[in-house]
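Next up, work-v8.pdb (PDB, C-alpha atoms):
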```
MODEL        1
ATOM      1  CA  MET A 484       2.289   7.734  -9.680
ATOM      2  CA  ASN A 485       0.055  10.341  -8.150
ATOM      3  CA  LEU A 486       0.360   8.783  -4.697
ATOM      4  CA  MET A 487       4.133   8.686  -5.071
ATOM      5  CA  LYS A 488       4.130  12.469  -5.387
ATOM      6  CA  VAL A 489       1.997  12.841  -2.291
ATOM      7  CA  ALA A 490       4.462  10.748  -0.333
ATOM      8  CA  GLU A 491       7.450  12.668  -1.606
ATOM      9  CA  GLU A 492       5.876  16.030  -0.934
ATOM     10  CA  ALA A 493       5.333  15.054   2.695
ATOM     11  CA  PHE A 494       9.097  15.266   3.114
ATOM     12  CA  ASN A 495       9.569  18.596   1.347
ATOM     13  CA  THR A 496      12.019  20.832   3.154
ATOM     14  CA  GLY A 497      10.005  23.903   2.232
ATOM     15  CA  VAL A 498      13.029  25.590   0.675
ATOM     16  CA  GLU A 499      12.033  27.405  -2.500
ATOM     17  CA  VAL A 500      14.576  26.700  -5.206
ATOM     18  CA  PRO A 501      14.488  28.884  -8.325
ATOM     19  CA  GLU A 502      14.230  27.188 -11.678
ATOM     20  CA  PHE A 503      17.613  26.840 -13.318
ATOM     21  CA  GLY A 504      19.345  24.667 -15.851
ATOM     22  CA  ALA A 505      22.704  23.928 -17.368
ATOM     23  CA  GLY A 506      24.839  26.991 -18.009
ATOM     24  CA  ASP A 507      23.325  29.077 -15.234
ATOM     25  CA  THR A 508      25.483  30.425 -12.437
ATOM     26  CA  VAL A 509      24.117  29.723  -8.961
ATOM     27  CA  SER A 510      25.166  30.203  -5.358
ATOM     28  CA  VAL A 511      24.253  27.301  -3.122
ATOM     29  CA  HIS A 512      24.098  28.154   0.570
ATOM     30  CA  TYR A 513      24.518  24.928   2.443
ATOM     31  CA  LYS A 514      24.928  24.087   6.076
ATOM     32  CA  ILE A 515      27.963  22.211   7.238
ATOM     33  CA  LYS A 516      28.496  20.700  10.648
ATOM     34  CA  GLU A 517      31.824  21.094  12.401
ATOM     35  CA  GLY A 518      31.677  19.140  15.626
ATOM     36  CA  THR A 519      28.669  20.659  17.314
ATOM     37  CA  LYS A 520      28.699  23.952  15.422
ATOM     38  CA  GLU A 521      26.722  24.528  12.297
ATOM     39  CA  ARG A 522      27.570  27.185   9.752
ATOM     40  CA  VAL A 523      26.594  28.130   6.233
ATOM     41  CA  GLN A 524      28.969  27.939   3.319
ATOM     42  CA  VAL A 525      28.390  29.291  -0.175
ATOM     43  CA  PHE A 526      29.300  27.309  -3.252
ATOM     44  CA  ARG A 527      29.105  29.455  -6.361
ATOM     45  CA  GLY A 528      29.578  28.040  -9.812
ATOM     46  CA  VAL A 529      28.121  26.984 -13.125
ATOM     47  CA  VAL A 530      25.421  24.316 -13.269
ATOM     48  CA  ILE A 531      26.712  21.437 -15.392
ATOM     49  CA  GLN A 532      23.566  19.349 -15.324
ATOM     50  CA  VAL A 533      20.246  18.785 -13.590
ATOM     51  CA  LYS A 534      19.519  15.103 -13.152
ATOM     52  CA  GLY A 535      16.525  13.072 -12.024
ATOM     53  CA  SER A 536      13.021  14.071 -11.003
ATOM     54  CA  GLY A 537      10.840  14.205  -7.927
ATOM     55  CA  ALA A 538      12.537  13.530  -4.621
ATOM     56  CA  GLY A 539      15.686  12.255  -6.297
ATOM     57  CA  LYS A 540      16.386  15.405  -8.310
ATOM     58  CA  ARG A 541      19.947  16.665  -8.037
ATOM     59  CA  PHE A 542      22.232  19.119  -9.785
ATOM     60  CA  THR A 543      25.958  19.442 -10.355
ATOM     61  CA  VAL A 544      27.742  22.749  -9.808
ATOM     62  CA  ARG A 545      31.265  23.379 -11.066
ATOM     63  CA  LYS A 546      33.520  26.146  -9.918
ATOM     64  CA  MET A 547      37.170  26.986 -10.365
ATOM     65  CA  SER A 548      39.061  27.061  -7.107
ATOM     66  CA  GLY A 549      42.312  28.684  -8.076
ATOM     67  CA  ASN A 550      43.081  26.724 -11.190
ATOM     68  CA  VAL A 551      41.543  23.476  -9.986
ATOM     69  CA  GLY A 552      38.037  22.618 -11.042
ATOM     70  CA  VAL A 553      35.719  21.552  -8.189
ATOM     71  CA  GLU A 554      32.362  19.902  -8.771
ATOM     72  CA  ARG A 555      29.680  19.227  -6.213
ATOM     73  CA  ILE A 556      26.440  17.344  -6.606
ATOM     74  CA  PHE A 557      23.532  18.630  -4.505
ATOM     75  CA  PRO A 558      20.222  16.820  -4.021
ATOM     76  CA  ILE A 559      17.549  19.496  -4.429
ATOM     77  CA  ASN A 560      15.583  18.183  -1.439
ATOM     78  CA  SER A 561      18.606  17.984   0.829
ATOM     79  CA  PRO A 562      17.898  19.378   4.298
ATOM     80  CA  PHE A 563      21.377  20.890   4.295
ATOM     81  CA  ILE A 564      20.564  23.360   1.539
ATOM     82  CA  GLU A 565      19.486  26.656   3.051
ATOM     83  CA  LYS A 566      18.856  28.498  -0.190
ATOM     84  CA  VAL A 567      19.880  28.589  -3.819
ATOM     85  CA  GLU A 568      20.447  31.921  -5.541
ATOM     86  CA  LEU A 569      20.315  32.272  -9.282
ATOM     87  CA  ASN A 570      23.048  34.730 -10.211
ATOM     88  CA  ARG A 571      23.181  34.601 -13.979
ATOM     89  CA  ARG A 572      21.371  32.853 -16.775
ATOM     90  CA  GLY A 573      23.686  31.274 -19.306
ATOM     91  CA  LYS A 574      23.021  30.673 -22.975
ATOM     92  CA  VAL A 575      23.945  27.084 -23.829
ATOM     93  CA  ARG A 576      22.635  24.640 -26.399
ATOM     94  CA  ARG A 577      22.894  21.471 -24.346
ATOM     95  CA  ALA A 578      21.164  20.183 -21.218
ATOM     96  CA  ARG A 579      24.458  18.725 -19.934
ATOM     97  CA  ILE A 580      27.489  20.833 -20.666
ATOM     98  CA  TYR A 581      30.240  18.301 -20.034
ATOM     99  CA  TYR A 582      32.398  20.019 -22.682
ATOM    100  CA  PHE A 583      32.672  22.936 -20.280
ATOM    101  CA  ARG A 584      35.062  20.906 -18.121
ATOM    102  CA  ASP A 585      37.704  20.906 -20.833
ATOM    103  CA  LEU A 586      37.552  24.638 -21.453
ATOM    104  CA  THR A 587      39.949  26.982 -19.688
ATOM    105  CA  GLY A 588      40.809  30.638 -19.803
ATOM    106  CA  LYS A 589      38.903  32.868 -22.149
ATOM    107  CA  LYS A 590      37.075  29.953 -23.713
ATOM    108  CA  ALA A 591      35.491  29.027 -20.390
ATOM    109  CA  ARG A 592      32.920  31.742 -20.615
ATOM    110  CA  ILE A 593      29.213  31.374 -21.157
ATOM    111  CA  LYS A 594      27.197  34.126 -22.814
ATOM    112  CA  GLU A 595      24.406  35.576 -20.759
ATOM    113  CA  LYS A 596      20.938  34.666 -21.866
ATOM    114  CA  ARG A 597      18.716  37.567 -22.800
ATOM    115  CA  VAL A 598      15.274  37.214 -21.345
TER     116      VAL A 598
ATOM    117  CA  MET B1420      -1.291 -10.115  14.694
ATOM    118  CA  PRO B1421      -3.526  -7.149  13.941
ATOM    119  CA  GLY B1422      -2.882  -5.564  10.590
ATOM    120  CA  LEU B1423      -4.119  -4.138   7.342
ATOM    121  CA  ILE B1424      -4.190  -5.023   3.676
ATOM    122  CA  GLY B1425      -2.298  -2.674   1.387
ATOM    123  CA  LYS B1426      -0.936  -2.109  -2.053
ATOM    124  CA  LYS B1427       2.640  -1.398  -3.015
ATOM    125  CA  ILE B1428       2.835   1.957  -4.771
ATOM    126  CA  GLY B1429       6.558   2.220  -5.363
ATOM    127  CA  MET B1430       9.910   3.136  -3.937
ATOM    128  CA  THR B1431      11.575   6.464  -3.370
ATOM    129  CA  SER B1432      14.085   7.978  -1.005
ATOM    130  CA  VAL B1433      13.621  10.658   1.622
ATOM    131  CA  PHE B1434      15.910  12.631   3.876
ATOM    132  CA  SER B1435      15.738  11.805   7.564
ATOM    133  CA  ALA B1436      16.026  14.359  10.353
ATOM    134  CA  GLU B1437      19.761  13.711  10.591
ATOM    135  CA  GLY B1438      20.106  14.452   6.892
ATOM    136  CA  LYS B1439      20.590  10.881   5.792
ATOM    137  CA  ASN B1440      19.063   9.732   2.522
ATOM    138  CA  VAL B1441      16.834   6.799   3.457
ATOM    139  CA  PRO B1442      15.389   4.356   0.917
ATOM    140  CA  CYS B1443      11.701   3.747   1.513
ATOM    141  CA  THR B1444       8.625   2.092   0.068
ATOM    142  CA  VAL B1445       5.284   3.833  -0.305
ATOM    143  CA  ILE B1446       2.325   1.618   0.608
ATOM    144  CA  GLU B1447      -1.341   2.428   0.269
ATOM    145  CA  ALA B1448      -2.749   0.768   3.392
ATOM    146  CA  GLY B1449      -6.472   0.373   3.742
ATOM    147  CA  PRO B1450      -9.139   1.463   4.322
ATOM    148  CA  CYS B1451     -10.281  -2.107   4.952
ATOM    149  CA  VAL B1452     -13.813  -3.268   5.649
ATOM    150  CA  VAL B1453     -14.677  -5.976   8.153
ATOM    151  CA  THR B1454     -16.493  -8.683   6.197
ATOM    152  CA  GLN B1455     -16.541 -11.474   8.752
ATOM    153  CA  VAL B1456     -15.999 -11.792  12.487
ATOM    154  CA  LYS B1457     -14.993 -15.267  13.625
ATOM    155  CA  THR B1458     -15.444 -16.229  17.250
ATOM    156  CA  ALA B1459     -14.315 -19.166  19.316
ATOM    157  CA  GLU B1460     -17.927 -20.371  19.745
ATOM    158  CA  THR B1461     -18.868 -20.440  16.089
ATOM    159  CA  ASP B1462     -15.556 -21.047  14.306
ATOM    160  CA  GLY B1463     -13.261 -22.498  16.943
ATOM    161  CA  TYR B1464     -10.966 -19.479  16.931
ATOM    162  CA  ALA B1465     -11.235 -15.704  17.012
ATOM    163  CA  ALA B1466     -10.297 -13.668  13.948
ATOM    164  CA  VAL B1467     -11.406 -10.770  11.807
ATOM    165  CA  GLN B1468     -11.653 -10.945   8.049
ATOM    166  CA  LEU B1469     -10.760  -7.688   6.309
ATOM    167  CA  ALA B1470     -11.420  -6.732   2.688
ATOM    168  CA  PHE B1471      -9.556  -4.215   0.549
ATOM    169  CA  ASP B1472      -9.695  -2.664  -2.911
ATOM    170  CA  GLU B1473     -12.715  -2.256  -5.168
ATOM    171  CA  LYS B1474     -13.725  -4.936  -7.614
ATOM    172  CA  ARG B1475     -16.393  -4.945 -10.315
ATOM    173  CA  GLU B1476     -19.644  -6.597  -9.406
ATOM    174  CA  LYS B1477     -19.605  -8.306 -12.813
ATOM    175  CA  SER B1478     -16.438 -10.188 -11.938
ATOM    176  CA  THR B1479     -17.667 -11.208  -8.499
ATOM    177  CA  THR B1480     -19.259 -14.620  -8.046
ATOM    178  CA  LYS B1481     -22.773 -14.849  -6.639
ATOM    179  CA  PRO B1482     -21.649 -16.472  -3.364
ATOM    180  CA  GLN B1483     -19.082 -13.708  -2.885
ATOM    181  CA  GLN B1484     -21.647 -11.031  -3.681
ATOM    182  CA  GLY B1485     -23.793 -12.429  -0.906
ATOM    183  CA  HIS B1486     -20.819 -12.388   1.446
ATOM    184  CA  PHE B1487     -20.158  -8.721   0.770
ATOM    185  CA  GLN B1488     -23.838  -7.824   0.937
ATOM    186  CA  LYS B1489     -23.991  -9.293   4.421
ATOM    187  CA  ALA B1490     -21.293  -6.857   5.509
ATOM    188  CA  GLY B1491     -23.023  -4.066   3.630
ATOM    189  CA  THR B1492     -20.152  -3.178   1.311
ATOM    190  CA  THR B1493     -19.303  -3.206  -2.365
ATOM    191  CA  PRO B1494     -17.336  -6.196  -3.729
ATOM    192  CA  LYS B1495     -13.672  -6.184  -2.745
ATOM    193  CA  ALA B1496     -10.683  -7.762  -4.436
ATOM    194  CA  LYS B1497      -8.568  -9.005  -1.537
ATOM    195  CA  LEU B1498      -9.668 -10.764   1.651
ATOM    196  CA  VAL B1499      -7.320 -11.528   4.547
ATOM    197  CA  GLU B1500      -7.904 -12.804   8.059
ATOM    198  CA  PHE B1501      -6.220 -11.189  11.053
ATOM    199  CA  LYS B1502      -6.032 -12.308  14.655
ATOM    200  CA  ASP B1503      -5.592 -10.540  17.984
ATOM    201  CA  PHE B1504      -7.230  -7.206  17.254
ATOM    202  CA  GLU B1505      -7.688  -5.404  20.544
ATOM    203  CA  ASN B1506     -11.051  -3.801  19.932
ATOM    204  CA  GLU B1507     -14.216  -5.583  18.967
ATOM    205  CA  PHE B1508     -15.512  -5.247  15.431
ATOM    206  CA  LYS B1509     -18.902  -5.498  13.812
ATOM    207  CA  LEU B1510     -19.609  -6.373  10.196
ATOM    208  CA  GLY B1511     -19.041  -3.386   7.910
ATOM    209  CA  ASP B1512     -16.659  -1.546  10.238
ATOM    210  CA  VAL B1513     -13.829   0.300   8.550
ATOM    211  CA  VAL B1514     -10.224  -0.161   9.654
ATOM    212  CA  SER B1515      -7.966   2.557   8.331
ATOM    213  CA  VAL B1516      -4.315   3.463   8.355
ATOM    214  CA  ASP B1517      -4.426   5.405  11.630
ATOM    215  CA  ILE B1518      -4.020   2.169  13.613
ATOM    216  CA  ILE B1519      -0.380   2.298  12.458
ATOM    217  CA  GLU B1520       1.847   4.656  14.398
ATOM    218  CA  GLU B1521       4.917   6.428  13.162
ATOM    219  CA  ASP B1522       8.312   5.184  14.308
ATOM    220  CA  THR B1523       7.039   1.709  15.113
ATOM    221  CA  PHE B1524       7.962  -1.488  13.352
ATOM    222  CA  VAL B1525       5.753  -3.510  11.019
ATOM    223  CA  ASP B1526       6.049  -6.807   9.176
ATOM    224  CA  VAL B1527       5.092  -6.812   5.509
ATOM    225  CA  THR B1528       4.100  -9.927   3.576
ATOM    226  CA  GLY B1529       3.822 -10.072  -0.191
ATOM    227  CA  LEU B1530       4.261 -12.229  -3.243
ATOM    228  CA  SER B1531       7.785 -11.769  -4.578
ATOM    229  CA  LYS B1532       8.402 -11.017  -8.233
ATOM    230  CA  GLY B1533       8.653 -14.092 -10.438
ATOM    231  CA  LYS B1534      12.102 -14.573 -11.904
ATOM    232  CA  GLY B1535      11.482 -17.640 -14.072
ATOM    233  CA  PHE B1536      13.880 -20.586 -14.306
ATOM    234  CA  GLN B1537      17.105 -19.506 -12.635
ATOM    235  CA  GLY B1538      20.406 -21.139 -11.833
ATOM    236  CA  VAL B1539      21.788 -21.872  -8.380
ATOM    237  CA  VAL B1540      23.833 -18.678  -8.137
ATOM    238  CA  LYS B1541      20.771 -16.443  -8.299
ATOM    239  CA  ARG B1542      18.344 -18.911  -6.725
ATOM    240  CA  HIS B1543      20.323 -20.124  -3.719
ATOM    241  CA  GLY B1544      23.242 -17.727  -3.523
ATOM    242  CA  PHE B1545      25.919 -20.247  -4.537
ATOM    243  CA  GLY B1546      29.306 -18.713  -5.099
ATOM    244  CA  GLY B1547      29.899 -20.088  -8.561
ATOM    245  CA  VAL B1548      33.299 -21.364  -9.568
ATOM    246  CA  GLY B1549      35.051 -18.142  -8.682
ATOM    247  CA  GLY B1550      37.557 -18.038 -11.493
ATOM    248  CA  GLN B1551      37.913 -18.010 -15.229
ATOM    249  CA  THR B1552      41.183 -19.853 -15.583
ATOM    250  CA  HIS B1553      42.623 -23.232 -14.479
ATOM    251  CA  GLY B1554      40.581 -25.209 -16.947
ATOM    252  CA  GLN B1555      37.193 -23.606 -16.363
ATOM    253  CA  HIS B1556      35.637 -23.795 -19.756
ATOM    254  CA  ASN B1557      32.030 -22.640 -19.500
ATOM    255  CA  ARG B1558      31.015 -23.614 -15.990
ATOM    256  CA  GLY B1559      31.494 -20.345 -14.131
ATOM    257  CA  ARG B1560      28.023 -20.542 -12.554
ATOM    258  CA  ALA B1561      27.714 -24.346 -12.288
ATOM    259  CA  PRO B1562      26.451 -25.893  -9.002
ATOM    260  CA  GLY B1563      29.397 -28.310  -8.594
ATOM    261  CA  SER B1564      29.057 -31.679  -6.930
ATOM    262  CA  LEU B1565      25.633 -32.970  -5.897
ATOM    263  CA  GLY B1566      27.049 -35.371  -3.306
ATOM    264  CA  ALA B1567      29.313 -38.347  -2.625
ATOM    265  CA  SER B1568      29.752 -41.373  -4.905
ATOM    266  CA  SER B1569      28.910 -45.083  -4.389
ATOM    267  CA  PHE B1570      27.670 -44.321  -0.944
ATOM    268  CA  PRO B1571      24.891 -43.075  -0.903
ATOM    269  CA  SER B1572      24.579 -43.661  -4.688
ATOM    270  CA  ARG B1573      21.794 -41.159  -4.873
ATOM    271  CA  VAL B1574      21.103 -37.457  -4.581
ATOM    272  CA  PHE B1575      19.603 -36.433  -1.277
ATOM    273  CA  LYS B1576      16.111 -34.977  -1.254
ATOM    274  CA  GLY B1577      16.003 -31.233  -1.044
ATOM    275  CA  MET B1578      19.353 -30.749  -2.791
ATOM    276  CA  ARG B1579      19.412 -27.154  -3.937
ATOM    277  CA  MET B1580      19.337 -26.976  -7.707
ATOM    278  CA  ALA B1581      18.208 -24.651 -10.486
ATOM    279  CA  GLY B1582      14.506 -24.059 -10.992
ATOM    280  CA  ARG B1583      11.585 -21.684 -10.828
ATOM    281  CA  THR B1584      12.532 -18.681  -8.735
ATOM    282  CA  GLY B1585      10.484 -15.950  -7.134
ATOM    283  CA  GLY B1586       6.715 -15.822  -6.938
ATOM    284  CA  ASP B1587       6.903 -16.966  -3.316
ATOM    285  CA  ARG B1588       5.110 -15.563  -0.326
ATOM    286  CA  VAL B1589       7.780 -13.577   1.512
ATOM    287  CA  LYS B1590       7.564 -11.777   4.822
ATOM    288  CA  VAL B1591       9.929  -8.964   5.691
ATOM    289  CA  GLU B1592      10.054  -8.272   9.408
ATOM    290  CA  ASN B1593      10.725  -5.128  11.423
ATOM    291  CA  LEU B1594      10.408  -2.396   8.852
ATOM    292  CA  ARG B1595      10.411   1.037  10.459
ATOM    293  CA  VAL B1596       7.403   3.206   9.686
ATOM    294  CA  LEU B1597       8.857   6.550   8.633
ATOM    295  CA  LYS B1598       5.603   8.372   8.014
ATOM    296  CA  VAL B1599       1.851   7.902   8.044
ATOM    297  CA  ILE B1600      -0.286  10.103   5.785
ATOM    298  CA  PRO B1601      -3.903   9.429   6.828
ATOM    299  CA  GLU B1602      -5.475  11.743   4.179
ATOM    300  CA  ASN B1603      -4.240   9.489   1.382
ATOM    301  CA  ASN B1604      -4.073   6.218   3.378
ATOM    302  CA  LEU B1605      -0.339   6.062   2.821
ATOM    303  CA  ILE B1606       2.513   4.735   4.927
ATOM    304  CA  LEU B1607       6.202   4.965   4.191
ATOM    305  CA  VAL B1608       8.394   2.158   5.474
ATOM    306  CA  LYS B1609      12.154   2.029   5.422
ATOM    307  CA  GLY B1610      13.615  -0.411   2.948
ATOM    308  CA  SER B1611      12.047  -2.641   0.350
ATOM    309  CA  VAL B1612       9.063  -4.979   0.417
ATOM    310  CA  PRO B1613       8.403  -8.044  -1.746
ATOM    311  CA  GLY B1614       6.428  -7.849  -4.964
ATOM    312  CA  ALA B1615       5.865  -5.614  -7.935
ATOM    313  CA  ASN B1616       4.322  -2.173  -7.776
ATOM    314  CA  GLY B1617       0.554  -2.501  -7.472
ATOM    315  CA  SER B1618       0.663  -5.896  -5.787
ATOM    316  CA  TYR B1619      -1.175  -6.612  -2.555
ATOM    317  CA  LEU B1620       0.623  -6.610   0.766
ATOM    318  CA  ILE B1621      -0.272  -7.678   4.281
ATOM    319  CA  ILE B1622       0.962  -5.228   6.903
ATOM    320  CA  GLU B1623       1.109  -6.545  10.450
ATOM    321  CA  MET B1624       1.886  -4.608  13.592
TER     322      MET B1624
ENDMDL
END
```

Final structure tokens representation of the file:
Amino acid sequence: MNLMKVAEEAFNTGVEVPEFGAGDTVSVHYKIKEGTKERVQVFRGVVIQVKGSGAGKRFTVRKMSGNVGVERIFPINSPFIEKVELNRRGKVRRARIYYFRDLTGKKARIKEKRV
Amino acid sequence: MPGLIGKKIGMTSVFSAEGKNVPCTVIEAGPCVVTQVKTAETDGYAAVQLAFDEKREKSTTKPQQGHFQKAGTTPKAKLVEFKDFENEFKLGDVVSVDIIEEDTFVDVTGLSKGKGFQGVVKRHGFGGVGGQTHGQHNRGRAPGSLGASSFPSRVFKGMRMAGRTGGDRVKVENLRVLKVIPENNLILVKGSVPGANGSYLIIEM
């Protein structure tokens, strides 16, 4: 498996991504193409899960847009990700906080983790 | 065709320049040692025999040990002959991965994974019955008719039926080389290649 890593690292985008997990709030700056123009959009929300390893690692971010929940899955090695900011560390007991989808209002809050 | 012997390491996916996620196979290709040079005068045809991968001397037969000694190398596990190399080789020369260029196409030959005794749907791509109702009891994946009746009164040779599947020598043509990493003797080709991880492959340019 060692050689697999070598091959995957050859395609690294060089974007440093901070370490985060479920419950953390992150801002993902990602490039979107509109015709010929390219601009950066920010997607800020709570990380629901981090899935996979190596080149196939990806994470799901959930945010509330108005009162509609929006989830996006980002591959960590995607060339469209410009940077990922870690805004807040959340204290959760699970690696995949699917229950968070069903919570609304005051219940949909995650305590901050004390470091 | 000129080529190299390699080993399948595994599959992964990488992002291309356009941002597309491309499936690819990682192959450890070479370095190969020239163990025999065949010429038209001595052998009737011109070819180069390459050897790849270390092997214990204990598990090498005496005649083979002599063969490798002649080329001045340690015993190797896999020997393959290649034709039409452009440059001339001497015994003991090393052919490495840098003869493969990025963004070119290669053909990869390997031994496909054995699947055991399989029915016609998996083995030959038959469609099966295609339904569960109208009196189909338990023959959803049955082959159907083998031929006509009193004439010819027999089943033609080569009729596709169930049987041992996989374990065949398979060549996949025109795989794009996405990347060559000479430090680790690695190449990445787009798509899949036959065989299990760790099996030997023949890469031809």

- Item | Output check: residues returned by the PyMOL selection byres ((chain A and resi 497-500) around 8), as a VMD selection string | chain A and resid 495 to 496 501 to 502 559 564 to 568

Print the selection's residues with C-alpha atoms to a file, as a short mmCIF file (atom, residue, chain, number, x, y, z; two decimals), in the coordinates of the input.
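Below is the file that was written, selection-v7.cif:
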```
data_model
loop_
_atom_site.label_atom_id
_atom_site.label_comp_id
_atom_site.auth_asym_id
_atom_site.auth_seq_id
_atom_site.Cartn_x
_atom_site.Cartn_y
_atom_site.Cartn_z
CA ASN A 495 9.57 18.60 1.35
CA THR A 496 12.02 20.83 3.15
CA PRO A 501 14.49 28.88 -8.32
CA GLU A 502 14.23 27.19 -11.68
CA ILE A 559 17.55 19.50 -4.43
CA ILE A 564 20.56 23.36 1.54
CA GLU A 565 19.49 26.66 3.05
CA LYS A 566 18.86 28.50 -0.19
CA VAL A 567 19.88 28.59 -3.82
CA GLU A 568 20.45 31.92 -5.54
#
```

- Residue hits in chain B, query chain A, radius 12 Å, all atoms listed in the file, as a PyMOL selection string: chain B and resi 1426-1448+1597-1608+1616-1617

- Taking the file as shown, what set of residues would the PyMOL selection byres ((chain B and resi 1547) around 6) give back, as number ranges by chain? B: 1545-1546, 1548-1549, 1559-1560

Selection to disk with C-alpha atoms, as a short mmCIF file (atom, residue, chain, number, x, y, z; two decimals), in the coordinates of the input:
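File written: again33.cif
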```cif
data_model
loop_
_atom_site.label_atom_id
_atom_site.label_comp_id
_atom_site.auth_asym_id
_atom_site.auth_seq_id
_atom_site.Cartn_x
_atom_site.Cartn_y
_atom_site.Cartn_z
CA PHE B 1545 25.92 -20.25 -4.54
CA GLY B 1546 29.31 -18.71 -5.10
CA VAL B 1548 33.30 -21.36 -9.57
CA GLY B 1549 35.05 -18.14 -8.68
CA GLY B 1559 31.49 -20.34 -14.13
CA ARG B 1560 28.02 -20.54 -12.55
#
```

- Note on the structure: What separates atom CA of B:Asp1462 and atom CA of B:Asp1503 is a distance of 14.9 Å

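Relative to atom CA of B:Ser1572, atom CA of B:Lys1541 is found at 27.7 Å.
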
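Proximity ranking of A:Arg584, A:Arg522, A:Arg571, A:Lys596 relative to A:Thr508 places A:Arg571 first, based on only C-alpha atoms.
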
- Message: Using only C-alpha atoms, which protein or nucleic acid residues come within 9 Å of stretch 1574-1591 of chain B? Drop anything in the same chain fewer than 2 positions from it, and give the result as a PyMOL selection string.
- Response: chain B and resi 1525-1543+1562+1565-1567+1571-1572+1593-1594+1611-1614+1621

- Message: Restricting the calculation to all atoms listed in the file: of A:Ile515, A:Ala591, A:Ile531, A:Val598, which residue gets closest to A:Glu554?
- Response: A:Ile531

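The two atoms in question, atom CA of B:Val1596 and atom CA of A:Lys516, are spaced 27.4 Å apart.
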
- Near A:Ile556, counting only C-alpha atoms, which residues have an atom at most 9 Å away, once you skip same-chain residues fewer than 4 positions from it, shown as a count of residues only? 5

Can you take the partial stretch 1476-1488 of chain B, add N, CA, C and O atoms, and return it as a PDB file, in the coordinates of the input?
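The result, stored in out19.pdb:
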```pdb
ATOM      1  N   GLU B1476     -18.636  -5.637  -9.823  1.00  0.00           N
ATOM      2  CA  GLU B1476     -19.644  -6.597  -9.406  1.00  0.00           C
ATOM      3  C   GLU B1476     -19.757  -7.720 -10.437  1.00  0.00           C
ATOM      4  O   GLU B1476     -20.026  -8.876 -10.105  1.00  0.00           O
ATOM      5  N   LYS B1477     -19.505  -7.351 -11.717  1.00  0.00           N
ATOM      6  CA  LYS B1477     -19.605  -8.306 -12.813  1.00  0.00           C
ATOM      7  C   LYS B1477     -18.613  -9.464 -12.626  1.00  0.00           C
ATOM      8  O   LYS B1477     -18.905 -10.602 -12.975  1.00  0.00           O
ATOM      9  N   SER B1478     -17.444  -9.143 -12.086  1.00  0.00           N
ATOM     10  CA  SER B1478     -16.438 -10.188 -11.938  1.00  0.00           C
ATOM     11  C   SER B1478     -16.436 -10.787 -10.537  1.00  0.00           C
ATOM     12  O   SER B1478     -15.447 -11.351 -10.098  1.00  0.00           O
ATOM     13  N   THR B1479     -17.527 -10.610  -9.818  1.00  0.00           N
ATOM     14  CA  THR B1479     -17.667 -11.208  -8.499  1.00  0.00           C
ATOM     15  C   THR B1479     -18.679 -12.342  -8.580  1.00  0.00           C
ATOM     16  O   THR B1479     -19.754 -12.169  -9.153  1.00  0.00           O
ATOM     17  N   THR B1480     -18.332 -13.494  -7.999  1.00  0.00           N
ATOM     18  CA  THR B1480     -19.259 -14.620  -8.046  1.00  0.00           C
ATOM     19  C   THR B1480     -20.449 -14.344  -7.143  1.00  0.00           C
ATOM     20  O   THR B1480     -20.370 -13.555  -6.204  1.00  0.00           O
ATOM     21  N   LYS B1481     -21.535 -15.046  -7.408  1.00  0.00           N
ATOM     22  CA  LYS B1481     -22.773 -14.849  -6.639  1.00  0.00           C
ATOM     23  C   LYS B1481     -22.559 -15.119  -5.150  1.00  0.00           C
ATOM     24  O   LYS B1481     -22.986 -14.333  -4.316  1.00  0.00           O
ATOM     25  N   PRO B1482     -21.872 -16.238  -4.792  1.00  0.00           N
ATOM     26  CA  PRO B1482     -21.649 -16.472  -3.364  1.00  0.00           C
ATOM     27  C   PRO B1482     -20.868 -15.351  -2.705  1.00  0.00           C
ATOM     28  O   PRO B1482     -21.174 -14.936  -1.582  1.00  0.00           O
ATOM     29  N   GLN B1483     -19.871 -14.814  -3.444  1.00  0.00           N
ATOM     30  CA  GLN B1483     -19.082 -13.708  -2.885  1.00  0.00           C
ATOM     31  C   GLN B1483     -19.930 -12.457  -2.756  1.00  0.00           C
ATOM     32  O   GLN B1483     -19.818 -11.720  -1.782  1.00  0.00           O
ATOM     33  N   GLN B1484     -20.781 -12.204  -3.753  1.00  0.00           N
ATOM     34  CA  GLN B1484     -21.647 -11.031  -3.681  1.00  0.00           C
ATOM     35  C   GLN B1484     -22.500 -11.067  -2.420  1.00  0.00           C
ATOM     36  O   GLN B1484     -22.672 -10.053  -1.738  1.00  0.00           O
ATOM     37  N   GLY B1485     -22.997 -12.270  -2.116  1.00  0.00           N
ATOM     38  CA  GLY B1485     -23.793 -12.429  -0.906  1.00  0.00           C
ATOM     39  C   GLY B1485     -22.968 -12.145   0.341  1.00  0.00           C
ATOM     40  O   GLY B1485     -23.437 -11.499   1.281  1.00  0.00           O
ATOM     41  N   HIS B1486     -21.720 -12.593   0.310  1.00  0.00           N
ATOM     42  CA  HIS B1486     -20.819 -12.388   1.446  1.00  0.00           C
ATOM     43  C   HIS B1486     -20.594 -10.899   1.693  1.00  0.00           C
ATOM     44  O   HIS B1486     -20.604 -10.430   2.836  1.00  0.00           O
ATOM     45  N   PHE B1487     -20.398 -10.156   0.614  1.00  0.00           N
ATOM     46  CA  PHE B1487     -20.158  -8.721   0.770  1.00  0.00           C
ATOM     47  C   PHE B1487     -21.435  -7.979   1.140  1.00  0.00           C
ATOM     48  O   PHE B1487     -21.398  -7.001   1.880  1.00  0.00           O
ATOM     49  N   GLN B1488     -22.572  -8.463   0.602  1.00  0.00           N
ATOM     50  CA  GLN B1488     -23.838  -7.824   0.937  1.00  0.00           C
ATOM     51  C   GLN B1488     -24.119  -7.923   2.425  1.00  0.00           C
ATOM     52  O   GLN B1488     -24.620  -6.994   3.040  1.00  0.00           O
TER      53      GLN B1488
END
```
